[in-house]
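File shown: data17.cif. Contents: mmCIF, C-alpha atoms.
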```
data_target
loop_
_atom_site.label_atom_id
_atom_site.label_comp_id
_atom_site.auth_asym_id
_atom_site.auth_seq_id
_atom_site.Cartn_x
_atom_site.Cartn_y
_atom_site.Cartn_z
CA MET P 13 19.79 -2.52 16.16
CA PRO P 14 19.81 -0.67 12.83
CA ASN P 15 18.02 2.66 12.60
CA ILE P 16 17.17 2.00 8.99
CA ILE P 17 16.34 -1.16 7.06
CA ILE P 18 16.40 -0.98 3.27
CA LEU P 19 14.25 -3.65 1.64
CA ASP P 20 15.64 -5.63 -1.26
CA SER P 21 13.20 -7.21 -3.69
CA TYR P 22 12.30 -10.39 -1.80
CA PRO P 23 11.22 -8.77 1.47
CA LEU P 24 9.46 -6.05 -0.51
CA SER P 25 7.63 -8.60 -2.65
CA ASN P 26 5.96 -9.97 0.46
CA ALA P 27 4.58 -6.67 1.67
CA ALA P 28 1.25 -6.77 -0.13
CA MET P 29 0.46 -10.47 0.20
CA PRO P 30 -2.84 -11.46 1.78
CA PHE P 31 -3.03 -12.18 5.49
CA ALA P 32 -2.83 -15.55 7.14
CA ARG P 33 -6.02 -16.77 8.69
CA PRO P 34 -6.21 -17.77 12.36
CA ASN P 35 -5.06 -21.31 13.13
CA THR P 36 -3.03 -21.57 9.94
CA VAL P 37 0.73 -21.98 9.81
CA PRO P 38 2.25 -18.77 8.40
CA THR P 39 4.10 -19.13 5.13
CA PRO P 40 7.62 -17.68 4.79
CA SER P 41 6.09 -14.75 2.95
CA GLU P 42 3.60 -14.11 5.74
CA ARG P 43 6.39 -14.25 8.30
CA CYS P 44 8.39 -11.81 6.23
CA ARG P 45 5.51 -9.35 6.04
CA GLN P 46 5.03 -9.54 9.79
CA TRP P 47 8.77 -9.08 10.20
CA ILE P 48 8.54 -5.74 8.36
CA ALA P 49 5.78 -4.56 10.68
CA ASP P 50 7.66 -5.72 13.78
CA TRP P 51 10.80 -3.83 12.84
CA GLU P 52 8.88 -0.64 12.26
CA ALA P 53 7.08 -1.10 15.56
CA ALA P 54 10.51 -1.38 17.20
CA GLY P 55 11.34 2.11 15.94
CA THR P 56 13.31 1.26 12.81
CA THR P 57 12.66 3.18 9.60
CA ILE P 58 11.83 0.92 6.67
CA LEU P 59 12.92 2.18 3.26
CA VAL P 60 11.89 1.05 -0.20
CA PRO P 61 14.57 1.86 -2.79
CA ALA P 62 13.23 2.88 -6.18
CA ILE P 63 15.10 0.10 -7.97
CA ALA P 64 13.34 -2.61 -5.91
CA TYR P 65 10.03 -0.81 -6.44
CA TYR P 66 10.61 -0.84 -10.19
CA GLU P 67 11.53 -4.51 -10.22
CA GLU P 68 8.27 -5.57 -8.63
CA LEU P 69 6.03 -2.95 -10.23
CA ARG P 70 6.95 -4.06 -13.74
CA GLU P 71 5.84 -7.62 -12.95
CA LEU P 72 2.53 -6.32 -11.63
CA GLU P 73 2.14 -4.16 -14.74
CA ARG P 74 2.89 -7.16 -16.94
CA ARG P 75 -0.09 -8.89 -15.32
CA ARG P 76 -2.24 -5.72 -15.41
CA ALA P 77 -2.90 -6.34 -11.73
CA THR P 78 -4.52 -3.00 -11.01
CA SER P 79 -5.82 -3.66 -7.50
CA LYS P 80 -2.54 -5.23 -6.42
CA ILE P 81 -0.61 -2.29 -7.81
CA VAL P 82 -2.74 -0.03 -5.64
CA ARG P 83 -1.81 -2.00 -2.52
CA PHE P 84 1.81 -2.22 -3.47
CA LYS P 85 1.96 1.55 -3.92
CA GLN P 86 0.13 2.13 -0.64
CA PHE P 87 2.93 0.29 1.11
CA CYS P 88 5.79 1.84 -0.86
CA PHE P 89 4.56 5.38 -0.43
CA LEU P 90 3.84 5.40 3.26
CA PRO P 91 5.43 8.46 4.92
CA SER P 92 9.25 8.39 4.91
CA ARG P 93 9.22 5.06 3.10
CA PHE P 94 10.30 5.63 -0.52
CA LEU P 95 13.87 6.30 -1.61
CA PRO P 96 13.62 8.00 -5.03
CA LEU P 97 16.16 7.41 -7.75
CA THR P 98 18.20 10.47 -8.69
CA THR P 99 20.81 11.40 -11.26
CA ALA P 100 23.41 11.28 -8.50
CA HIS P 101 22.43 7.67 -7.75
CA LEU P 102 22.86 6.70 -11.40
CA GLU P 103 26.22 8.43 -11.60
CA LEU P 104 27.45 6.71 -8.45
CA ALA P 105 26.09 3.36 -9.68
CA ALA P 106 27.96 3.80 -12.95
CA ARG P 107 31.20 4.63 -11.11
CA LEU P 108 30.83 1.64 -8.79
CA TRP P 109 29.98 -0.67 -11.67
CA GLY P 110 33.10 0.42 -13.53
CA GLN P 111 35.28 0.01 -10.45
CA ALA P 112 33.81 -3.41 -9.72
CA ARG P 113 34.40 -4.55 -13.27
CA ASN P 114 38.01 -3.39 -13.15
CA GLN P 115 38.55 -5.19 -9.86
CA GLY P 116 36.91 -8.38 -11.08
CA ILE P 117 34.01 -8.23 -8.63
CA PRO P 118 30.94 -9.79 -10.25
CA THR P 119 27.79 -7.71 -10.18
CA ALA P 120 25.77 -8.59 -13.25
CA ALA P 121 26.22 -9.86 -16.75
CA ASP P 122 27.95 -7.38 -19.03
CA HIS P 123 24.87 -6.80 -21.13
CA ALA P 124 22.51 -6.35 -18.20
CA LEU P 125 21.36 -3.38 -16.23
CA ALA P 126 23.36 -3.69 -13.06
CA GLY P 127 20.45 -3.31 -10.68
CA ASP P 128 22.63 -4.26 -7.76
CA MET P 129 24.84 -1.25 -8.36
CA ILE P 130 21.84 1.05 -8.45
CA LEU P 131 20.65 -0.42 -5.17
CA VAL P 132 24.13 0.00 -3.71
CA ALA P 133 24.31 3.61 -4.89
CA GLN P 134 20.92 4.38 -3.37
CA VAL P 135 22.05 2.91 -0.06
CA LEU P 136 25.48 4.57 0.01
CA SER P 137 23.91 7.91 -0.85
CA LEU P 138 22.16 7.84 2.50
CA GLY P 139 25.57 8.56 4.01
CA LEU P 140 25.06 6.20 6.94
CA SER P 141 27.70 4.20 8.78
CA ALA P 142 27.28 0.43 8.59
CA GLU P 143 26.03 0.01 12.13
CA HIS P 144 23.10 2.33 11.47
CA TYR P 145 21.57 0.57 8.49
CA VAL P 146 21.21 -2.82 6.88
CA VAL P 147 19.94 -3.99 3.51
CA ALA P 148 17.50 -6.82 4.18
CA THR P 149 17.66 -9.36 1.39
CA SER P 150 17.17 -13.02 0.58
CA ASN P 151 20.59 -13.28 -1.06
CA VAL P 152 23.55 -11.28 0.22
CA ARG P 153 25.92 -12.43 -2.54
CA HIS P 154 27.69 -9.47 -4.26
CA LEU P 155 25.92 -6.94 -2.09
CA LYS P 156 28.24 -7.70 0.81
CA HIS P 157 31.14 -6.27 -1.16
CA PHE P 158 29.58 -2.85 -1.12
CA VAL P 159 27.05 -2.35 1.67
CA ASN P 160 25.96 -3.83 4.98
CA ALA P 161 23.54 -6.53 3.88
CA GLU P 162 21.99 -9.43 5.77
CA GLU P 163 19.54 -12.22 5.17
CA TRP P 164 16.25 -10.70 6.29
CA SER P 165 15.31 -13.64 8.54
CA SER P 166 18.57 -13.30 10.47
CA LEU P 167 17.60 -9.83 11.61
CA VAL P 168 15.53 -9.93 14.78
CA PRO P 169 13.88 -6.78 16.11
CA MET R 132 0.06 1.83 15.78
CA THR R 133 2.70 2.41 13.12
CA PRO R 134 1.79 3.41 9.54
CA THR R 135 2.59 -0.11 8.34
CA GLN R 136 0.49 -1.73 11.06
CA ALA R 137 -2.39 0.61 10.21
CA LEU R 138 -2.11 -0.23 6.53
CA PHE R 139 -1.97 -3.97 7.18
CA LYS R 140 -5.00 -3.67 9.46
CA GLN R 141 -6.87 -1.81 6.72
CA TRP R 142 -6.06 -4.56 4.23
CA GLU R 143 -7.06 -7.23 6.69
CA GLU R 144 -10.45 -5.57 7.08
CA GLU R 145 -10.83 -5.25 3.31
CA ASP R 146 -9.99 -8.94 2.93
CA ALA R 147 -12.24 -10.15 5.73
CA ASN R 148 -14.82 -11.56 3.36
CA LEU R 149 -12.47 -13.30 0.97
CA THR R 150 -13.08 -16.98 0.56
CA PRO R 151 -10.26 -19.49 1.17
CA GLU R 152 -10.14 -20.02 -2.59
CA GLU R 153 -9.69 -16.28 -3.21
CA ILE R 154 -6.93 -16.11 -0.61
CA ALA R 155 -5.20 -19.09 -2.15
CA ALA R 156 -5.43 -17.47 -5.58
CA ASP R 157 -3.95 -14.26 -4.18
CA LEU R 158 -1.08 -16.10 -2.58
CA GLN R 159 -0.43 -17.95 -5.80
CA PHE R 160 -0.44 -14.67 -7.72
CA TRP R 161 2.23 -13.14 -5.50
CA GLU R 162 4.32 -16.28 -5.56
CA GLU R 163 4.23 -16.18 -9.36
CA VAL R 164 5.37 -12.56 -9.22
CA GLN R 165 8.31 -13.61 -7.07
CA GLN R 166 9.11 -16.43 -9.49
CA SER R 167 9.08 -13.95 -12.37
CA ILE R 168 11.37 -11.53 -10.56
CA ASN R 169 13.66 -14.46 -9.87
CA GLU R 170 13.69 -15.56 -13.50
CA GLU R 171 14.38 -12.06 -14.77
CA ARG R 172 17.27 -11.74 -12.36
CA LEU R 173 18.73 -15.04 -13.45
CA LYS R 174 18.48 -13.98 -17.10
CA ALA R 175 20.36 -10.80 -16.26
CA GLY R 176 23.04 -12.63 -14.31
CA ARG R 177 21.89 -11.03 -11.06
CA ARG R 178 21.44 -12.53 -7.61
CA PRO R 179 18.29 -14.66 -7.54
CA ILE R 180 15.79 -13.77 -4.83
CA LEU R 181 14.49 -17.30 -4.29
#
```

As structure tokens:
Amino acid sequence: MPNIIILDSYPLSNAAMPFARPNTVPTPSERCRQWIADWEAAGTTILVPAIAYYEELRELERRRATSKIVRFKQFCFLPSRFLPLTTAHLELAARLWGQARNQGIPTAADHALAGDMILVAQVLSLGLSAEHYVVATSNVRHLKHFVNAEEWSSLVP
Amino acid sequence: MTPTQALFKQWEEEDANLTPEEIAADLQFWEEVQQSINEERLKAGRRPIL
């Protein structure tokens, strides 16, 4: 069982969704939100990396969704939850991006911000061995080259 | 109760009086956010989330 779960954008994007009502079949998003709570209840630390926070926050800002931004921030800034982005993360992301390019590992289009590399750098900077953490995502492609990443629904507390 | 459970409980209490239509609109909102994240990722050549 991992000590730490780092949320990629899909699991994070479910955190502030409204609750299912009794006698209704939970949607995948509702199951995902409950999954986050269950893991924390099992003693695992849930982390929100700044790059995933940014990715969702900008969509909420685009929609000027003030009340939803409040909820989203409440979740992201619970104690010991947020993983800030530092200069060291950006420098490591740049190094990894360059190495990946030279080795022919695809990360993102040449013109794009390589968000995956920033996520990877944030995770690697934790200094944890692979058995102690996992990045929970809806798409492990590329990430698997660099960090321990699993489909969120395959992780059972 | 963990911090996340406490927060979810707080939200559940705040949402107790929402109508089914308001809940459906909320769900649709968040699904559209996910779709937008997905589209932006695809434009950037990144892993889609959906």

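Minimum atom-to-atom distance to P:Ser25, evaluated using all atoms listed in the file, belongs to P:Tyr65 out of P:Tyr65, P:Trp109, P:Phe89, P:Trp164.
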
Expected selection from the PyMOL selection byres ((chain R and resi 132-146) around 7), given as a tab-separated table (two decimals) with C-alpha atoms, in the coordinates of the input:
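Written out: out.tsv:
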```tsv
chain	number	residue	atom	x	y	z
P	31	PHE	CA	-3.03	-12.18	5.49
P	49	ALA	CA	5.78	-4.56	10.68
P	52	GLU	CA	8.88	-0.64	12.26
P	53	ALA	CA	7.08	-1.10	15.56
P	90	LEU	CA	3.84	5.40	3.26
R	147	ALA	CA	-12.24	-10.15	5.73
R	148	ASN	CA	-14.82	-11.56	3.36
R	149	LEU	CA	-12.47	-13.30	0.97
```

### Task
Anything within 12 Å of (13.3, -11.9, -10.4): list those residues as number ranges by chain, counting only C-alpha atoms and sticking to the file's coordinates.
P: 20-22, 25, 64, 66-71, 127, 150-151; R: 162-181

### Message
So, with all atoms listed in the file as the atoms that count, which of P:Leu19, P:Val168, P:Ala133, P:Val152 lies closest to chain R?
### Response
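Among P:Leu19, P:Val168, P:Ala133, P:Val152, it is P:Val152 that comes nearest to chain R.
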
### Query
What is the atom CA of P:Leu131-atom CA of P:His144 distance in Å, reported with one decimal?
17.0 Å

### Query
If you measure from atom CA of P:Phe94 to atom CA of P:Ile58, what distance in Å do you get, rounded to one decimal?
8.7 Å

### Message
Selection in question (the file shown): the PyMOL selection byres ((chain P and resi 18) around 8). Which residues does it include, as a list in words?
### Response
Ile16, Ile17, Leu19, Asp20, Ile58, Leu59, Val60, Pro61, Val135, Tyr145, Val146, Val147 and Ala148 of chain P

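You will find atom CA of P:Met129 at 29.3 Å from atom CA of P:Ala54.
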
### Task
Evaluate the PyMOL selection byres ((chain P and resi 160) around 7) and record the selected residues as a ChimeraX atom specification, following the chain and residue labels used in the document.
/P:142,146-147,156,159,161-162

Contact check, stretch 144-168 of chain R to stretch 36-39 of chain P, at most 12 Å, counting all atoms listed in the file, closest pairs as a tab-separated table:
```
residue	atom	partner	partner_atom	distance
R:Pro151	CA	P:Thr36	CA	11.6
R:Ala155	CA	P:Thr39	CA	11.8
R:Leu158	CA	P:Thr39	CA	9.8
R:Gln159	CA	P:Thr39	CA	11.9
R:Glu162	CA	P:Thr39	CA	11.1
```
